[in-house]
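Have a look at upload_9.txt; it's compact mmCIF, C-alpha atoms:
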# COMPACT_ATOMS: atom_id res chain seq x y z
CA MET A 1 155.53 -98.45 50.80
CA SER A 2 155.13 -99.41 47.15
CA THR A 3 155.58 -103.12 47.81
CA THR A 4 151.97 -103.50 48.97
CA ARG A 5 150.61 -101.79 45.88
CA SER A 6 150.04 -103.27 42.46
CA LEU A 7 152.73 -102.70 39.86
CA LEU A 8 151.60 -100.31 37.12
CA LEU A 9 154.70 -99.50 35.10
CA ASP A 10 157.60 -101.88 34.57
CA VAL A 11 160.48 -100.59 32.44
CA ALA A 12 163.76 -102.46 31.91
CA GLY A 13 166.64 -101.84 29.52
CA LEU A 14 164.77 -99.08 27.71
CA ARG A 15 166.70 -97.49 24.86
CA ALA A 16 165.49 -94.68 22.60
CA TRP A 17 166.68 -92.70 19.60
CA TYR A 18 166.05 -89.52 17.65
CA GLY A 19 167.11 -90.62 14.19
CA ALA A 20 170.63 -92.02 14.51
CA SER A 21 171.23 -90.31 17.87
CA GLN A 22 170.72 -92.61 20.87
CA VAL A 23 169.37 -90.79 23.95
CA LEU A 24 168.39 -93.57 26.38
CA HIS A 25 170.95 -96.29 27.14
CA GLY A 26 169.11 -98.86 29.21
CA VAL A 27 166.67 -97.30 31.70
CA ASP A 28 165.05 -99.37 34.47
CA LEU A 29 162.13 -97.95 36.45
CA ARG A 30 159.05 -99.26 38.23
CA ILE A 31 155.99 -97.32 39.44
CA HIS A 32 153.21 -98.72 41.60
CA ALA A 33 149.57 -97.70 41.91
CA GLY A 34 149.01 -94.46 43.83
CA GLU A 35 152.72 -93.63 43.90
CA ILE A 36 154.39 -90.34 42.93
CA VAL A 37 157.85 -90.82 41.45
CA ALA A 38 159.98 -87.86 40.40
CA LEU A 39 162.36 -88.19 37.47
CA ALA A 40 165.10 -85.56 37.78
CA GLY A 41 168.15 -84.58 35.79
CA ARG A 42 169.75 -81.82 33.78
CA ASN A 43 168.46 -80.75 30.38
CA GLY A 44 169.56 -83.32 27.83
CA SER A 45 169.70 -86.16 30.35
CA GLY A 46 166.85 -88.03 28.66
CA ARG A 47 163.93 -87.31 31.00
CA SER A 48 161.46 -86.09 28.39
CA THR A 49 162.63 -88.73 25.92
CA PHE A 50 161.79 -91.37 28.52
CA ALA A 51 158.20 -90.08 28.67
CA LYS A 52 157.92 -89.99 24.88
CA ALA A 53 159.31 -93.51 24.62
CA LEU A 54 156.59 -94.76 26.96
CA MET A 55 153.97 -93.07 24.76
CA SER A 56 155.46 -94.50 21.50
CA MET A 57 156.39 -91.00 20.32
CA VAL A 58 160.05 -91.86 19.59
CA ALA A 59 161.86 -94.96 18.33
CA ALA A 60 162.59 -97.25 21.29
CA ASP A 61 163.21 -100.82 22.38
CA GLY A 62 163.42 -102.66 25.69
CA VAL A 63 160.80 -103.80 28.19
CA ARG A 64 157.97 -101.35 28.81
CA HIS A 65 154.87 -102.87 30.33
CA PHE A 66 151.87 -100.99 31.72
CA SER A 67 149.36 -102.93 33.82
CA GLY A 68 150.90 -106.08 32.38
CA VAL A 69 150.43 -104.96 28.75
CA ASP A 70 153.41 -104.61 26.40
CA LEU A 71 153.44 -101.02 25.13
CA ALA A 72 155.97 -101.65 22.35
CA PRO A 73 153.54 -102.52 19.53
CA LEU A 74 150.93 -99.93 20.51
CA ARG A 75 150.30 -96.47 19.09
CA THR A 76 149.99 -93.39 21.28
CA PHE A 77 146.18 -93.29 21.35
CA GLU A 78 146.05 -97.00 22.22
CA ILE A 79 148.41 -96.40 25.14
CA ALA A 80 146.20 -93.55 26.36
CA ARG A 81 143.21 -95.91 26.28
CA LEU A 82 145.08 -98.27 28.60
CA GLY A 83 145.18 -95.51 31.24
CA LEU A 84 148.56 -93.85 30.72
CA GLY A 85 148.15 -90.06 30.53
CA TYR A 86 150.75 -87.53 29.39
CA VAL A 87 151.04 -83.78 29.97
CA ALA A 88 153.91 -82.46 27.85
CA GLU A 89 156.17 -79.61 28.97
CA GLN A 90 154.65 -77.32 26.32
CA ARG A 91 151.13 -77.93 27.80
CA ASP A 92 149.67 -77.88 24.25
CA VAL A 93 146.25 -76.41 24.97
CA PHE A 94 144.05 -75.45 22.01
CA PRO A 95 144.20 -71.64 22.28
CA THR A 96 141.14 -70.76 20.20
CA LEU A 97 138.86 -73.22 22.02
CA SER A 98 137.17 -72.58 25.34
CA VAL A 99 138.30 -74.19 28.59
CA ASP A 100 135.36 -76.59 28.52
CA GLU A 101 135.96 -77.48 24.87
CA ASN A 102 139.58 -78.30 25.70
CA LEU A 103 138.43 -80.54 28.55
CA ARG A 104 135.94 -82.44 26.40
CA LEU A 105 138.67 -83.15 23.84
CA GLY A 106 140.56 -85.04 26.54
CA VAL A 107 137.90 -87.73 26.98
CA VAL A 108 139.25 -91.20 26.20
CA LYS A 109 137.00 -94.24 26.01
CA ARG A 110 138.19 -96.98 28.39
CA GLY A 111 135.77 -99.82 27.79
CA ARG A 112 132.63 -99.97 29.91
CA ARG A 113 134.23 -98.78 33.14
CA ALA A 114 132.60 -95.70 34.67
CA PRO A 115 135.06 -92.77 34.38
CA ARG A 116 136.87 -91.74 37.56
CA PHE A 117 136.89 -88.09 36.51
CA THR A 118 133.87 -86.39 35.00
CA LEU A 119 133.82 -82.84 33.70
CA ASP A 120 132.28 -81.64 36.97
CA GLU A 121 134.97 -83.44 39.00
CA ALA A 122 137.74 -81.91 36.93
CA ARG A 123 136.22 -78.49 37.53
CA ALA A 124 135.97 -79.20 41.25
CA LEU A 125 139.63 -80.20 41.39
CA PHE A 126 140.65 -77.00 39.59
CA PRO A 127 138.08 -74.34 40.60
CA ILE A 128 139.66 -71.67 38.39
CA LEU A 129 138.68 -73.73 35.36
CA HIS A 130 135.03 -73.61 36.38
CA GLU A 131 135.26 -69.84 36.78
CA ARG A 132 136.85 -69.49 33.34
CA ARG A 133 135.04 -72.32 31.58
CA ALA A 134 133.87 -70.11 28.69
CA ALA A 135 137.21 -68.32 28.22
CA ARG A 136 139.50 -69.20 25.34
CA ALA A 137 142.48 -71.21 26.49
CA GLY A 138 144.86 -68.82 24.76
CA VAL A 139 144.05 -65.97 27.16
CA LEU A 140 144.74 -68.01 30.32
CA SER A 141 147.85 -67.39 32.38
CA GLY A 142 150.66 -69.94 32.30
CA GLY A 143 149.51 -71.42 35.58
CA GLU A 144 145.91 -71.63 34.40
CA GLN A 145 147.02 -73.34 31.20
CA GLN A 146 148.95 -75.86 33.30
CA MET A 147 145.81 -76.56 35.33
CA LEU A 148 143.87 -76.98 32.08
CA ALA A 149 146.45 -79.39 30.65
CA LEU A 150 146.33 -81.48 33.83
CA ALA A 151 142.54 -81.49 33.95
CA ARG A 152 142.29 -82.43 30.26
CA ALA A 153 144.60 -85.39 30.87
CA LEU A 154 142.35 -86.48 33.73
CA MET A 155 139.39 -86.61 31.37
CA GLY A 156 141.15 -89.63 29.86
CA ASP A 157 140.76 -91.35 33.27
CA PRO A 158 144.44 -92.32 33.68
CA ASP A 159 145.83 -94.74 36.24
CA LEU A 160 149.27 -93.17 35.76
CA LEU A 161 149.82 -89.56 34.74
CA ILE A 162 153.16 -88.39 33.30
CA VAL A 163 153.66 -84.67 33.94
CA ASP A 164 156.68 -82.98 32.34
CA GLU A 165 157.96 -79.85 34.14
CA PRO A 166 154.59 -78.75 35.61
CA ALA A 167 156.15 -75.87 37.59
CA GLU A 168 158.30 -74.45 34.79
CA GLY A 169 157.74 -70.69 34.49
CA LEU A 170 155.16 -70.54 37.27
CA SER A 171 155.11 -68.33 40.34
CA ALA A 172 155.69 -69.87 43.76
CA GLN A 173 151.99 -69.52 44.53
CA MET A 174 150.90 -71.23 41.32
CA THR A 175 153.53 -73.95 41.79
CA ALA A 176 152.04 -74.68 45.21
CA ARG A 177 148.59 -74.97 43.64
CA VAL A 178 149.87 -77.45 41.08
CA GLY A 179 151.44 -79.45 43.92
CA ASP A 180 148.13 -79.49 45.77
CA ALA A 181 146.42 -80.75 42.64
CA LEU A 182 148.92 -83.59 42.22
CA ARG A 183 148.42 -84.59 45.88
CA ALA A 184 144.68 -84.69 45.25
CA LEU A 185 145.26 -87.03 42.32
CA ARG A 186 147.25 -89.40 44.50
CA GLU A 187 144.42 -89.39 47.03
CA ARG A 188 142.13 -90.55 44.22
CA GLY A 189 144.48 -93.41 43.42
CA VAL A 190 146.27 -91.92 40.41
CA ALA A 191 150.01 -92.58 40.19
CA VAL A 192 152.21 -89.74 38.91
CA LEU A 193 155.55 -89.66 37.12
CA LEU A 194 156.75 -86.13 37.85
CA ILE A 195 159.52 -84.93 35.53
CA GLU A 196 161.51 -82.01 36.94
CA GLN A 197 164.91 -80.40 36.51
CA ARG A 198 164.90 -78.01 39.47
CA LEU A 199 162.97 -80.25 41.90
CA ALA A 200 160.42 -77.57 42.71
CA LEU A 201 157.76 -80.10 43.76
CA ALA A 202 159.55 -83.40 44.30
CA PRO A 203 161.04 -82.85 47.80
CA THR A 204 157.62 -82.52 49.45
CA LEU A 205 155.55 -84.54 46.99
CA ALA A 206 157.43 -87.57 45.68
CA ASP A 207 157.63 -91.00 47.31
CA ARG A 208 160.81 -91.68 45.34
CA VAL A 209 163.22 -89.73 43.17
CA ALA A 210 165.09 -91.22 40.22
CA VAL A 211 167.96 -89.14 38.83
CA MET A 212 168.87 -89.53 35.19
CA GLY A 213 172.23 -88.77 33.60
CA HIS A 214 173.43 -89.52 30.07
CA GLY A 215 170.33 -91.57 29.39
CA ARG A 216 170.60 -93.83 32.44
CA ILE A 217 169.27 -93.88 36.01
CA VAL A 218 172.21 -92.94 38.25
CA PHE A 219 170.31 -92.74 41.56
CA GLU A 220 166.98 -93.92 42.96
CA GLY A 221 165.73 -93.39 46.51
CA ALA A 222 163.64 -91.26 48.85
CA PRO A 223 163.85 -87.44 48.53
CA ALA A 224 165.48 -87.27 51.99
CA GLU A 225 168.14 -89.73 50.85
CA LEU A 226 168.87 -87.68 47.74
CA ALA A 227 169.27 -84.56 49.88
CA GLN A 228 172.10 -86.32 51.72
CA ARG A 229 173.89 -87.31 48.50
CA GLU A 230 175.88 -84.20 47.69
CA ASP A 231 177.84 -86.14 45.09
CA ILE A 232 174.70 -87.00 43.11
CA VAL A 233 173.22 -83.52 43.45
CA SER A 234 176.42 -81.82 42.38
CA GLU A 235 177.31 -84.09 39.47
CA TRP A 236 173.91 -84.88 37.99
CA LEU A 237 171.57 -82.06 39.01
CA GLY A 238 173.90 -79.11 38.87
CA VAL A 239 172.53 -77.40 42.00
CA GLY A 240 174.19 -76.80 45.36
Write out the structure in this file as structure tokens.
Amino acid sequence: MSTTRSLLLDVAGLRAWYGASQVLHGVDLRIHAGEIVALAGRNGSGRSTFAKALMSMVAADGVRHFSGVDLAPLRTFEIARLGLGYVAEQRDVFPTLSVDENLRLGVVKRGRRAPRFTLDEARALFPILHERRAARAGVLSGGEQQMLALARALMGDPDLLIVDEPAEGLSAQMTARVGDALRALRERGVAVLLIEQRLALAPTLADRVAVMGHGRIVFEGAPAELAQREDIVSEWLGVG
């Protein structure tokens, strides 16, 4: 399916470190426009480090190109301006600011192109944010804060959105709402790198799943194919 779509992210031989400790040991991954790819693995496997390496938030080397541009020499805000968005696991909303103020802080200038997501469109995608637009972000529920973090990232008009553990700590109902929101993004042409440990969303949402172990990709294929690989699931995901 992805072969007919333009290549957005091209990563090869990516290595990354925290100080003297090497976490990634040569990661290869490609993501095409409008594609949802899940990156799975146990805690400590390197999933979040991979996202931070793409955003120039940790020391890294290796090939990492986005829309044909080399990310290596760029700073985080320059990468965001290229159209690579990032929602961290901690969500990182500004608790004392209102919902709308949080959203406006997410705006990233991307040349003269008309933005794909305006404030009204972000509200329409997440109706609860319109209802609570004047509320302080710190009083929102965990699910509402996740919606706010996603919507704020969209204000940067990304072509690819990295979302780290979007369902962590959420109820089944709120997890389903987050999944619906990510499907809506794909329908608008936004690619998604979905980072999950427990695969709450990936089986019904992802086009492909890449499993990471010890800082390397140990499996890549369709969710249905992963479900048939009991060896991979048992050894690298730790679930039955």
Excluding A:Ala191 and residues on its chain fewer than 6 positions from it, collect all residues at most 7 Å away from it, counting all atoms listed in the file, and give them as JSON, numbers by chain.
{"A": [33, 34, 35, 36, 159, 160, 161]}
Give me the residues near A:Glu121 as a VMD selection string, where near means some atom within 12 Å (using only C-alpha atoms) and where sequence neighbours in that chain fewer than 5 positions away do not count.
chain A and resid 103 115 to 116 126 to 127 129 to 130 151 to 152 154 to 155 157 184 to 185 188
Nearest residue to A:Gly85 from the set A:Gly215, A:Gly156, A:Gly142, A:Gly169 (distances using only C-alpha atoms):
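Ranking A:Gly215, A:Gly156, A:Gly142, A:Gly169 by distance to A:Gly85, first place goes to A:Gly156.
Closest approach to A:Tyr18 among A:His65, A:Lys52, A:Arg5, A:Arg42 is made by A:Lys52 (distances from only C-alpha atoms).
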Would you mind telling me which residue in A:Ala20, A:Leu74, A:Val37, A:Ala222 lies nearest to A:Glu196 when using all atoms listed in the file?
A:Val37
Could you jot down the atom CA of A:Leu205 to atom CA of A:Asp92 separation for me, Å, one decimal place?
24.4 Å
Using only C-alpha atoms, pick whichever of A:Arg47, A:Leu14, A:Tyr86, A:Asn102 has the shortest atom-to-atom distance to A:Val63.
A:Leu14
Which one is closest to A:Leu9: A:Ser48, A:Ala210, A:Ala134, A:Leu193? Count all atoms listed in the file.
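The answer is A:Leu193, which sits nearest to A:Leu9.
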Would you mind telling me which residue in A:Ala40, A:Arg75, A:Glu230, A:Ala172 lies nearest to A:Arg208 when using only C-alpha atoms?
A:Ala40
Please determine the residues with any atom at most 8 Å from (163.4, -98.6, 22.4) (coordinates as given in the file, with all atoms listed in the file counting) and report them as JSON, numbers by chain.
{"A": [14, 15, 16, 17, 53, 59, 60, 61, 62]}
Mind pulling up the distance from atom CA of A:Asn43 to atom CA of A:Gly238?
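Value for the atom CA of A:Gly238-atom CA of A:Asn43 distance: 10.2 Å.
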